[in-house]
Amino acid sequence: MRNLFIIALCLVGLSAKAQLFATQTGEVSFFSKTPMEDIDAVNKQVGSIINSATNEVAVQMRVTNFIFPNKLMQEHFNENYLETDKFPSSTFKGKIKEAIDLRVAGTYAVTAAGTATIHGVSRPVELKGTIVSTGKTLNMHCQFDIKLDEYKIDIPKIVFAKIAEVVKVKGSFQYNIR
Amino acid sequence: MRNIYIAFVLFLGSIQLQAQDDLLAMLEKEDAKQTNYSLATFKGSRLINGQTVETIAKQHLNFWISHRFGAINSGFIDNFLGLDEARIRLGLEYALTDRLLVGAGRSTIEKTYDSYVKYKVIRQSNKMPMTVTAYGSIASNTMKTGYTMESGTVMRFNNNLQRQTFMGQVLIARKFSDKLSLQVMPTVFHNNLAENVYMENTQAAMGFGGRYKLSNRLSLSAEYYYNLIEKDEYEEASGQKYPYHNSLAIGFDIETGGHVFQLHVTNSRGMIEKHFIGQTIGTWQNGDLFYGFNMARTFSFEPKIKK
């Protein structure tokens, strides 16, 4: 009986390990179109983990890793808008609502409900996306809108025309089992 | 048996629980391994008169326009509190890489051309407590020989080599918080021709500076250069008072889109090291203060990122 118990424990331990899909090189980009100029930036060092046993998802990124085509814009983004010294990272933590097993190959439309933390403000969000699973790897794409005022990102009146109030965010993640 | 069963269920539960909380914690652990550099220790590549540790982004060009008006104590009728006249420096600096820039400028004072190189040697990060930048410049005085300096000395040049000044500086700064950054600037410069036989050609100085952010776009900055020259020796040898003083400047940095405006009050009218460290005529005690501004406009020559 005792041996069986130990074996069971080991199995549980093993499966718990194999349940994780992870990446450190996920891409998140955002785009905002304004009459004056288009602002787009991409972060290629986004970390994310999906636990396929519980279908939980976590995403974490350093805001300073967003690369802008214009360095001055990048500095303003970090210094003035996202205040990265105070709030260095943005995160998402949630759970895929659909009852799916990502270890089974296939294409899944998913909805992840959870909490997004941006600029130190946490809000409940629901992200829609698709996951293509090969059983060993996952490829996730998602897209969502961020309203700047919901996250207390303060845009001064003079540059208001330059920055849209709603920013389109795209995510693209290639997970490997770990 | 029953106990084991309960323990087993609890254990399973705890694994699940751990896995839940751990996803973000795991990511944060990964993240902590990366090197994260501090951004924007100072807003501009200049503090007030002197430099900061900052360089500008690759393929960006800064155009600096600096003015120092006349002394505030020079009279309202005579000189409109100094605003009737100004000493100007126009400068350009271009970044070859994110850490290396070259620049050149021309000052009204002694019709001086200056050119310089600035290189960010060490960058502050979660693994490094400070930023260190090396800065070197050459300044060339192009006044007609035999002109009278502000100190009253008549300067005569026998050849062009005597017109040159070489300057080297190490800037060490730390961003202590999002608001406070402090900097020390050990400096040495060499005038090929000293004003008189008693004055040293090579002078060393220690600079201290810092900024405190009052808001996201406004910060208070201050800068002090202590000239390490032996003034007593000079006075003993020459029988005259040492004509120059240490430089102190206090000002505000205001940032808008692509500009940095620096408004300040200083007892120096020079805007390059040889002038403000070596030839500051005014003193704060006597109210010989000069109101001035620096304005930087940044241009980007970076090709647009291909989609």
# chains A, B, ... in the order shown; residues from 1 in each chain; ligands from 1
>>> select_by_dssp(residues="segment 40-134 of chain A", states="alpha helix (DSSP H)", output="list in words")
Lys71, Leu72, Met73, Gln74, Glu75 and His76 of chain A
>>> interface_residues(of="chain A", to="chain B", cutoff="7 Å", atoms="only C-alpha atoms", output="list in words")
Gly47, Ser48, Ile49, Ala58, Gln60, Pro69, Lys71, Asn80 and Asp85 of chain A
>>> atom_distance(atom1="atom CA of Arg62 of chain A", atom2="atom CA of Leu82 of chain A")
11.0 Å
>>> residues_around(residues="Phe173 of chain A", least_positions_apart="4", cutoff="7 Å", atoms="only C-alpha atoms", output="NGL selection string")
:A and (26-27 or 139-141)
>>> closest_residue(among="A:Gln174, A:Thr84, A:Thr64, A:Thr25", to="Thr134 of chain A", atoms="only C-alpha atoms")
A:Gln174
>>> select_by_dssp(residues="segment 156-215 of chain B", states="strand (DSSP E)", output="MDAnalysis selection string")
chainID B and resid 164:175 180:191 202:213
>>> write_last_selection(atoms="C-alpha atoms", output="CSV table (one decimal), in the first residue's frame")
chain,number,residue,atom,x,y,z
B,164,GLN,CA,43.8,75.0,-27.4
B,165,THR,CA,42.3,73.6,-24.2
B,166,PHE,CA,42.0,69.9,-23.6
B,167,MET,CA,39.5,68.6,-21.1
B,168,GLY,CA,38.7,65.2,-19.7
B,169,GLN,CA,35.9,64.2,-17.4
B,170,VAL,CA,34.4,61.1,-15.8
B,171,LEU,CA,30.7,61.4,-14.9
B,172,ILE,CA,29.4,59.0,-12.3
B,173,ALA,CA,25.6,59.0,-11.7
B,174,ARG,CA,23.0,57.0,-9.9
B,175,LYS,CA,19.3,57.2,-10.3
B,180,LEU,CA,16.2,61.6,-7.6
B,181,SER,CA,19.4,61.3,-9.6
B,182,LEU,CA,22.8,62.4,-8.3
B,183,GLN,CA,26.0,62.8,-10.2
B,184,VAL,CA,29.7,63.5,-9.4
B,185,MET,CA,32.0,64.8,-12.1
B,186,PRO,CA,35.8,64.7,-11.5
B,187,THR,CA,37.3,66.9,-14.2
B,188,VAL,CA,40.7,68.0,-15.4
B,189,PHE,CA,41.5,70.4,-18.1
B,190,HIS,CA,44.7,71.9,-19.5
B,191,ASN,CA,45.0,75.4,-21.1
B,202,THR,CA,46.3,72.3,-15.6
B,203,GLN,CA,43.4,72.6,-13.3
B,204,ALA,CA,41.4,69.9,-11.6
B,205,ALA,CA,37.8,70.3,-10.3
B,206,MET,CA,35.2,68.2,-8.7
B,207,GLY,CA,31.6,68.6,-9.8
B,208,PHE,CA,28.5,67.7,-8.0
B,209,GLY,CA,25.0,67.7,-9.5
B,210,GLY,CA,21.6,66.3,-9.4
B,211,ARG,CA,18.0,66.5,-10.4
B,212,TYR,CA,14.7,66.0,-8.5
B,213,LYS,CA,11.6,65.4,-10.6
>>> atom_distance(atom1="atom CA of His264 of chain B", atom2="atom CA of Ile48 of chain B")
7.4 Å
>>> atom_distance(atom1="atom CA of Gln262 of chain B", atom2="atom CA of Trp64 of chain B")
10.7 Å
>>> residues_around(residues="Ile250 of chain B", least_positions_apart="6", cutoff="9 Å", atoms="only C-alpha atoms", output="list in words")
Ile48, Leu220, Ser221, Ala222, Glu223, Tyr224, Leu263, His264, Val265 and Thr266 of chain B
>>> write_last_selection(atoms="N, CA and C atoms", output="short mmCIF file (atom, residue, chain, number, x, y, z; two decimals), in the first residue's frame")
data_model
loop_
_atom_site.label_atom_id
_atom_site.label_comp_id
_atom_site.auth_asym_id
_atom_site.auth_seq_id
_atom_site.Cartn_x
_atom_site.Cartn_y
_atom_site.Cartn_z
N ILE B 48 23.26 71.53 -16.66
CA ILE B 48 22.99 72.96 -16.81
C ILE B 48 24.10 73.53 -17.69
N LEU B 220 13.79 69.79 -11.06
CA LEU B 220 14.67 70.80 -10.50
C LEU B 220 16.08 70.25 -10.60
N SER B 221 17.01 71.08 -11.08
CA SER B 221 18.37 70.57 -11.17
C SER B 221 19.36 71.58 -10.59
N ALA B 222 20.49 71.07 -10.15
CA ALA B 222 21.52 71.93 -9.58
C ALA B 222 22.87 71.34 -9.92
N GLU B 223 23.86 72.22 -9.98
CA GLU B 223 25.19 71.80 -10.40
C GLU B 223 26.23 72.71 -9.75
N TYR B 224 27.26 72.09 -9.18
CA TYR B 224 28.31 72.87 -8.54
C TYR B 224 29.65 72.30 -8.93
N LEU B 263 15.85 76.06 -17.89
CA LEU B 263 15.89 77.46 -17.47
C LEU B 263 16.67 77.52 -16.18
N HIS B 264 17.60 78.46 -16.07
CA HIS B 264 18.42 78.44 -14.87
C HIS B 264 19.04 79.78 -14.54
N VAL B 265 19.59 79.81 -13.34
CA VAL B 265 20.35 80.97 -12.88
C VAL B 265 21.72 80.45 -12.48
N THR B 266 22.75 81.12 -12.93
CA THR B 266 24.10 80.66 -12.64
C THR B 266 25.03 81.86 -12.49
#
>>> closest_residue(among="A:Thr117, A:Gln45, A:Asn55, A:Ser89", to="Arg103 of chain A", atoms="only C-alpha atoms")
A:Asn55
>>> residues_around(residues="Ala104 of chain B", least_positions_apart="2", cutoff="6 Å", atoms="only C-alpha atoms", output="PyMOL selection string")
chain B and resi 91-92+114-115
>>> write_last_selection(atoms="C-alpha atoms", output="PDB file, in the first residue's frame")
ATOM      1  CA  GLY B  91      25.857  73.066 -30.579  1.00  0.00           C
ATOM      2  CA  LEU B  92      25.130  69.872 -32.425  1.00  0.00           C
ATOM      3  CA  ASP B 114      34.557  73.068 -29.007  1.00  0.00           C
ATOM      4  CA  SER B 115      34.288  69.463 -30.103  1.00  0.00           C
TER       5      SER B 115
END
>>> residues_around(residues="Gly120 of chain A", least_positions_apart="3", cutoff="8 Å", atoms="only C-alpha atoms", output="list in words")
Phe87, Ser90, Thr117 and Tyr151 of chain A
